[in-house]
Amino acid sequence: MLGDLPSVEDGEAERSLKFAGTSHVMQIRVKNCGEHYVYWLQPSPNAHYVFSIDTDVCLHARNLAEEWRNMFYVSDTQDDLHTDYQMGKDWYRFTTGFQMMAESPPGPQYSCGTKRPAYLNQAHPTVEEGVVPREVCYKMDEPDQVYQACFEVENVRVKNCGEYYTYQLNPSIQDAAYCVYNRKTSCEPK
């Protein structure tokens with residue numbers, strides 16, 4: 001929506017709405033009812049446009065708490081490997097250790113308890129930056145190539161929530177999982 005939400009005193013107000021990633025603008029009506037808003041919307045111009053309400057992704061992210069995500073965790077066998085494949089596009093929060101995705105490639109084969117570890121390829125945002133686009137790098141986990149470039153990149157969104165980060169992820173690579181920097185458990189035995 002373009003423009004501010006109306007106050008209770010404004011009553012019903014007309015606002016413009018722009019669909020993300022397009023130049024299409026349409027008019028809507030909004031009313032502030034005190035504890036909630038009412039929107040009068042016309043049908044979207046085609047099936048590819050949808051209306052959505054942004055919620056605070058810091059409060060509604062799904063928790064990922066598996067200790068094997070630790071970039072220092074190394075699976076002993078292929079039977080102990082994990083995957084995030086088809087977990088679903090959503091906002092996620094890591095709830096172990098430093099509660100942030102690793103920003104560098106993990107080390108040896110089967111790091112992070114997976115065949116293809118994924119890590120953030122860019123720096124985490126500040127609180128002031130809000131939700132920002134970032135890249136996740138997928139490493140091809142081969143025993144003779146400990147530190148190599150990405151074999152695949154995923155575009156994600158990241159938000160700094162103050163004491164932790166949330167990530168809009170869409171895991172679509174088989175045999176891959178997201179890695180976290182987790183010093184709290186890095187010296188503990190498996």
# chains A, B, ... in the order shown; residues from 1 in each chain; ligands from 1
>>> residues_around(residues="Trp40 of chain A", least_positions_apart="4", cutoff="9 Å", atoms="only C-alpha atoms", output="PDB file with N, CA, C and O atoms, in the first residue's frame")
ATOM      1  N   ILE A  28      -7.667   1.382  -3.563  1.00  0.00           N
ATOM      2  CA  ILE A  28      -8.399   0.618  -2.558  1.00  0.00           C
ATOM      3  C   ILE A  28      -8.939   1.596  -1.519  1.00  0.00           C
ATOM      4  O   ILE A  28      -8.577   2.772  -1.508  1.00  0.00           O
ATOM      5  N   ARG A  29      -9.815   1.112  -0.642  1.00  0.00           N
ATOM      6  CA  ARG A  29     -10.323   1.924   0.455  1.00  0.00           C
ATOM      7  C   ARG A  29      -9.952   1.222   1.756  1.00  0.00           C
ATOM      8  O   ARG A  29      -9.989   0.000   1.844  1.00  0.00           O
ATOM      9  N   VAL A  30      -9.582   2.038   2.763  1.00  0.00           N
ATOM     10  CA  VAL A  30      -9.150   1.516   4.056  1.00  0.00           C
ATOM     11  C   VAL A  30      -9.858   2.298   5.157  1.00  0.00           C
ATOM     12  O   VAL A  30      -9.990   3.514   5.069  1.00  0.00           O
ATOM     13  N   LYS A  31     -10.293   1.586   6.192  1.00  0.00           N
ATOM     14  CA  LYS A  31     -10.904   2.245   7.352  1.00  0.00           C
ATOM     15  C   LYS A  31     -10.223   1.749   8.617  1.00  0.00           C
ATOM     16  O   LYS A  31     -10.045   0.549   8.811  1.00  0.00           O
TER      17      LYS A  31
END
>>> residues_around(residues="Tyr92 of chain A", least_positions_apart="5", cutoff="8 Å", atoms="only C-alpha atoms", output="VMD selection string")
chain A and resid 61 to 64 166 to 169
>>> closest_residue(among="A:Arg69, A:His24, A:Lys89, A:Arg157", to="Glu129 of chain A", atoms="only C-alpha atoms")
A:Arg157
>>> select_by_dssp(residues="chain A", states="strand (DSSP E or B)", output="PyMOL selection string")
chain A and resi 2+12-18+25-32+37-40+62-64+70+74+90-94+100-101+111+116-120+131-138+142+145+152-160+165-169+176-178+180-181
>>> residues_around(residues="Val8 of chain A", least_positions_apart="4", cutoff="8 Å", atoms="only C-alpha atoms", output="PyMOL selection string")
chain A and resi 31-34
>>> write_last_selection(atoms="C-alpha atoms", output="CSV table (one decimal), in the first residue's frame")
chain,number,residue,atom,x,y,z
A,31,LYS,CA,-10.9,2.2,7.4
A,32,ASN,CA,-9.3,2.4,10.8
A,33,CYS,CA,-11.7,0.7,13.2
A,34,GLY,CA,-9.5,1.4,16.3
>>> select_by_dssp(residues="chain A", states="alpha helix (DSSP H)", output="list in words")
Val57, Cys58, Leu59, His60, Arg183, Lys184, Thr185 and Ser186 of chain A
